[in-house]
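S.K.: Let me begin by handing over the structure; questions about it come next.
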Amino acid sequence: MASQKDLIENLKKVCICRGITGGTINQAIRDGAHSFEALRRILGTGTGNCKAKRCRQKIEQRVKAYKDEMNAKADKPANAL
Ligand code: FES
């Protein structure tokens, strides 16, 4: 079950110009969009009036956090808990 913090993160608008929420971006990242440009093509993030000045850094941080999490899981031995 998602924590209250996760729920708020998912509902928060990350790309304000386009009204794209963190949950939508996180789902796209999990589905394989592993760069800002891929998210731009799929969701249209960063294509609003500010031309990604407000959202690019936040989106890139989410992509990096996902990649770091996946790398950490890959580095763990199979029998580690
Ligand atoms: S906040 Fe994303 S394009 Fe402006």
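Chains: A, B, ... in order of the structure tokens. Residues: from 1 per chain. Ligands: from 1, in order shown.
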Would you kindly return, as a list in words, each protein, DNA or RNA residue with an atom no farther than 10 Å from any atom of region 45-51 of chain A, considering only C-alpha atoms and excluding same-chain residues fewer than 6 positions away?
M.R.: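 The contact residues come out as Val14, Cys15, Ile16, Cys17, Arg18, Gly19, Ile20, Thr21, Ile25, Phe36, Glu37, Ala38, Leu39 and Ile59 of chain A.
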S.K.: How about saving the chosen residues, N, CA and C atoms kept, as a PDB file, in the first residue's frame?
M.R.:
ATOM      1  N   VAL A  14       4.101  17.984 -11.753  1.00  0.00           N
ATOM      2  CA  VAL A  14       5.540  18.191 -11.927  1.00  0.00           C
ATOM      3  C   VAL A  14       5.775  19.122 -13.114  1.00  0.00           C
ATOM      4  N   CYS A  15       5.130  18.836 -14.219  1.00  0.00           N
ATOM      5  CA  CYS A  15       5.173  19.748 -15.371  1.00  0.00           C
ATOM      6  C   CYS A  15       3.911  20.606 -15.261  1.00  0.00           C
ATOM      7  N   ILE A  16       4.091  21.761 -14.685  1.00  0.00           N
ATOM      8  CA  ILE A  16       2.939  22.613 -14.366  1.00  0.00           C
ATOM      9  C   ILE A  16       2.270  23.114 -15.640  1.00  0.00           C
ATOM     10  N   CYS A  17       3.042  23.507 -16.610  1.00  0.00           N
ATOM     11  CA  CYS A  17       2.469  24.044 -17.855  1.00  0.00           C
ATOM     12  C   CYS A  17       1.525  23.045 -18.519  1.00  0.00           C
ATOM     13  N   ARG A  18       1.903  21.783 -18.500  1.00  0.00           N
ATOM     14  CA  ARG A  18       1.099  20.744 -19.151  1.00  0.00           C
ATOM     15  C   ARG A  18       0.185  20.014 -18.180  1.00  0.00           C
ATOM     16  N   GLY A  19       0.315  20.296 -16.897  1.00  0.00           N
ATOM     17  CA  GLY A  19      -0.537  19.646 -15.905  1.00  0.00           C
ATOM     18  C   GLY A  19      -0.257  18.163 -15.769  1.00  0.00           C
ATOM     19  N   ILE A  20       0.993  17.766 -15.921  1.00  0.00           N
ATOM     20  CA  ILE A  20       1.349  16.346 -15.857  1.00  0.00           C
ATOM     21  C   ILE A  20       1.842  16.030 -14.453  1.00  0.00           C
ATOM     22  N   THR A  21       1.218  15.027 -13.856  1.00  0.00           N
ATOM     23  CA  THR A  21       1.515  14.709 -12.455  1.00  0.00           C
ATOM     24  C   THR A  21       2.735  13.795 -12.325  1.00  0.00           C
ATOM     25  N   ILE A  25       4.297  10.622 -14.707  1.00  0.00           N
ATOM     26  CA  ILE A  25       5.707  10.582 -15.113  1.00  0.00           C
ATOM     27  C   ILE A  25       6.365   9.310 -14.580  1.00  0.00           C
ATOM     28  N   PHE A  36      14.714  12.382 -20.260  1.00  0.00           N
ATOM     29  CA  PHE A  36      13.808  13.522 -20.378  1.00  0.00           C
ATOM     30  C   PHE A  36      13.219  13.583 -21.780  1.00  0.00           C
ATOM     31  N   GLU A  37      14.039  13.316 -22.790  1.00  0.00           N
ATOM     32  CA  GLU A  37      13.567  13.387 -24.176  1.00  0.00           C
ATOM     33  C   GLU A  37      12.503  12.324 -24.456  1.00  0.00           C
ATOM     34  N   ALA A  38      12.691  11.141 -23.893  1.00  0.00           N
ATOM     35  CA  ALA A  38      11.686  10.090 -24.089  1.00  0.00           C
ATOM     36  C   ALA A  38      10.361  10.502 -23.446  1.00  0.00           C
ATOM     37  N   LEU A  39      10.428  11.094 -22.273  1.00  0.00           N
ATOM     38  CA  LEU A  39       9.205  11.553 -21.604  1.00  0.00           C
ATOM     39  C   LEU A  39       8.559  12.693 -22.389  1.00  0.00           C
ATOM     40  N   ILE A  59      12.134  16.423 -13.408  1.00  0.00           N
ATOM     41  CA  ILE A  59      11.910  15.190 -14.175  1.00  0.00           C
ATOM     42  C   ILE A  59      13.201  14.387 -14.279  1.00  0.00           C
TER      43      ILE A  59
END
S.K.: Gln61 (chain A): which residues within 12 Å, counting only C-alpha atoms, same-chain residues fewer than 5 positions away excluded, as a PyMOL selection string?
M.R.: chain A and resi 14+22+25-26+29+34-36+55-56+66-68
S.K.: Keeping N, CA and C atoms, export the residues of the selection given above as a PDB file, in the first residue's frame.
M.R.:
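File part-v3.pdb, as written:
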ATOM      1  N   VAL A  14       4.101  17.984 -11.753  1.00  0.00           N
ATOM      2  CA  VAL A  14       5.540  18.191 -11.927  1.00  0.00           C
ATOM      3  C   VAL A  14       5.775  19.122 -13.114  1.00  0.00           C
ATOM      4  N   GLY A  22       3.239  13.760 -11.103  1.00  0.00           N
ATOM      5  CA  GLY A  22       4.366  12.887 -10.807  1.00  0.00           C
ATOM      6  C   GLY A  22       4.024  11.428 -11.032  1.00  0.00           C
ATOM      7  N   ILE A  25       4.297  10.622 -14.707  1.00  0.00           N
ATOM      8  CA  ILE A  25       5.707  10.582 -15.113  1.00  0.00           C
ATOM      9  C   ILE A  25       6.365   9.310 -14.580  1.00  0.00           C
ATOM     10  N   ASN A  26       6.117   8.987 -13.320  1.00  0.00           N
ATOM     11  CA  ASN A  26       6.719   7.776 -12.745  1.00  0.00           C
ATOM     12  C   ASN A  26       6.283   6.526 -13.498  1.00  0.00           C
ATOM     13  N   ILE A  29       8.137   6.305 -16.733  1.00  0.00           N
ATOM     14  CA  ILE A  29       9.524   5.883 -16.493  1.00  0.00           C
ATOM     15  C   ILE A  29       9.561   4.372 -16.288  1.00  0.00           C
ATOM     16  N   HIS A  34      13.255   6.324 -20.220  1.00  0.00           N
ATOM     17  CA  HIS A  34      14.355   6.525 -19.281  1.00  0.00           C
ATOM     18  C   HIS A  34      15.188   7.766 -19.559  1.00  0.00           C
ATOM     19  N   SER A  35      14.578   8.770 -20.152  1.00  0.00           N
ATOM     20  CA  SER A  35      15.278  10.048 -20.347  1.00  0.00           C
ATOM     21  C   SER A  35      14.235  11.159 -20.446  1.00  0.00           C
ATOM     22  N   PHE A  36      14.714  12.382 -20.260  1.00  0.00           N
ATOM     23  CA  PHE A  36      13.808  13.522 -20.378  1.00  0.00           C
ATOM     24  C   PHE A  36      13.219  13.583 -21.780  1.00  0.00           C
ATOM     25  N   CYS A  55      10.385  22.440 -15.053  1.00  0.00           N
ATOM     26  CA  CYS A  55      10.188  21.019 -14.779  1.00  0.00           C
ATOM     27  C   CYS A  55      11.347  20.110 -15.156  1.00  0.00           C
ATOM     28  N   ARG A  56      12.218  20.543 -16.017  1.00  0.00           N
ATOM     29  CA  ARG A  56      13.254  19.631 -16.522  1.00  0.00           C
ATOM     30  C   ARG A  56      14.087  19.027 -15.387  1.00  0.00           C
ATOM     31  N   TYR A  66      15.092   6.614 -10.386  1.00  0.00           N
ATOM     32  CA  TYR A  66      14.636   5.298 -10.857  1.00  0.00           C
ATOM     33  C   TYR A  66      15.822   4.448 -11.299  1.00  0.00           C
ATOM     34  N   LYS A  67      16.723   5.052 -12.087  1.00  0.00           N
ATOM     35  CA  LYS A  67      17.890   4.302 -12.564  1.00  0.00           C
ATOM     36  C   LYS A  67      18.767   3.863 -11.397  1.00  0.00           C
ATOM     37  N   ASP A  68      18.967   4.745 -10.418  1.00  0.00           N
ATOM     38  CA  ASP A  68      19.775   4.384  -9.248  1.00  0.00           C
ATOM     39  C   ASP A  68      19.138   3.220  -8.499  1.00  0.00           C
TER      40      ASP A  68
END
S.K.: Taking only chain A into account, list the residues labelled helix (DSSP H, G or I) by DSSP (computed from the backbone), as a PyMOL selection string.
M.R.: chain A and resi 4-11+22-30+36-43+56-75
S.K.: From the options A:Glu69, A:Lys76, A:Lys64, A:Ala52, which residue's atoms come nearest to ligand 1, counting only C-alpha atoms and all ligand atoms?
M.R.: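 Nearest candidate to ligand 1 out of A:Glu69, A:Lys76, A:Lys64, A:Ala52: A:Ala52.
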S.K.: From the list A:Lys12, A:Arg62, A:Arg54, A:Arg30, which residue is nearest ligand 1 when using only C-alpha atoms and all ligand atoms?
M.R.: A:Arg54
S.K.: With distances taken over only C-alpha atoms and all ligand atoms, which residue among A:Ala72, A:Val63, A:Leu43, A:Ile8 lies nearest ligand 1?
M.R.: A:Leu43
S.K.: Excluding same-chain residues fewer than 4 positions from Gly23 (chain A), what lies within 9 Å of it counting only C-alpha atoms, as a list in words?
M.R.: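 Selected residues are Asp6, Leu7, Glu9, Asn10, Leu11, Lys12, Lys13, Gln27 and Ala28 of chain A.
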S.K.: Keeping only N, CA and C atoms, write the selected residues as a PDB file, in the first residue's frame.
M.R.:
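Result file part-v2.pdb:
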ATOM      1  N   ASP A   6       3.790   9.065  -0.821  1.00  0.00           N
ATOM      2  CA  ASP A   6       3.761   8.597  -2.210  1.00  0.00           C
ATOM      3  C   ASP A   6       2.513   9.102  -2.931  1.00  0.00           C
ATOM      4  N   LEU A   7       1.379   9.056  -2.240  1.00  0.00           N
ATOM      5  CA  LEU A   7       0.137   9.535  -2.858  1.00  0.00           C
ATOM      6  C   LEU A   7       0.230  11.014  -3.223  1.00  0.00           C
ATOM      7  N   GLU A   9       2.999  12.687  -3.747  1.00  0.00           N
ATOM      8  CA  GLU A   9       3.969  12.801  -4.840  1.00  0.00           C
ATOM      9  C   GLU A   9       3.330  12.461  -6.182  1.00  0.00           C
ATOM     10  N   ASN A  10       2.462  11.457  -6.185  1.00  0.00           N
ATOM     11  CA  ASN A  10       1.818  11.037  -7.432  1.00  0.00           C
ATOM     12  C   ASN A  10       0.810  12.055  -7.943  1.00  0.00           C
ATOM     13  N   LEU A  11       0.192  12.791  -7.036  1.00  0.00           N
ATOM     14  CA  LEU A  11      -0.832  13.755  -7.450  1.00  0.00           C
ATOM     15  C   LEU A  11      -0.259  15.138  -7.753  1.00  0.00           C
ATOM     16  N   LYS A  12       0.949  15.389  -7.282  1.00  0.00           N
ATOM     17  CA  LYS A  12       1.561  16.703  -7.461  1.00  0.00           C
ATOM     18  C   LYS A  12       1.901  16.922  -8.937  1.00  0.00           C
ATOM     19  N   LYS A  13       1.576  18.109  -9.446  1.00  0.00           N
ATOM     20  CA  LYS A  13       1.915  18.428 -10.833  1.00  0.00           C
ATOM     21  C   LYS A  13       3.409  18.740 -10.920  1.00  0.00           C
ATOM     22  N   GLN A  27       5.007   6.468 -13.876  1.00  0.00           N
ATOM     23  CA  GLN A  27       4.517   5.297 -14.619  1.00  0.00           C
ATOM     24  C   GLN A  27       5.202   5.193 -15.975  1.00  0.00           C
ATOM     25  N   ALA A  28       5.366   6.333 -16.649  1.00  0.00           N
ATOM     26  CA  ALA A  28       6.039   6.325 -17.957  1.00  0.00           C
ATOM     27  C   ALA A  28       7.494   5.879 -17.809  1.00  0.00           C
TER      28      ALA A  28
END
S.K.: To one decimal place in Å, what is the distance between CA of Ile42 (chain A) and CA of Lys73 (chain A)?
M.R.: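 Spanning CA of Ile42 (chain A) to CA of Lys73 (chain A) is a straight-line distance of 26.2 Å.
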S.K.: Taking the chain letters and numbering used in this document, name the residues of chain A that DSSP puts in strand (DSSP E), as a PyMOL selection string.
M.R.: chain A and resi 13-15+20-21
S.K.: Expressed in Å to a single decimal, how great is the separation between CA of Met70 (chain A) and CA of Arg41 (chain A)?
M.R.: 22.7 Å
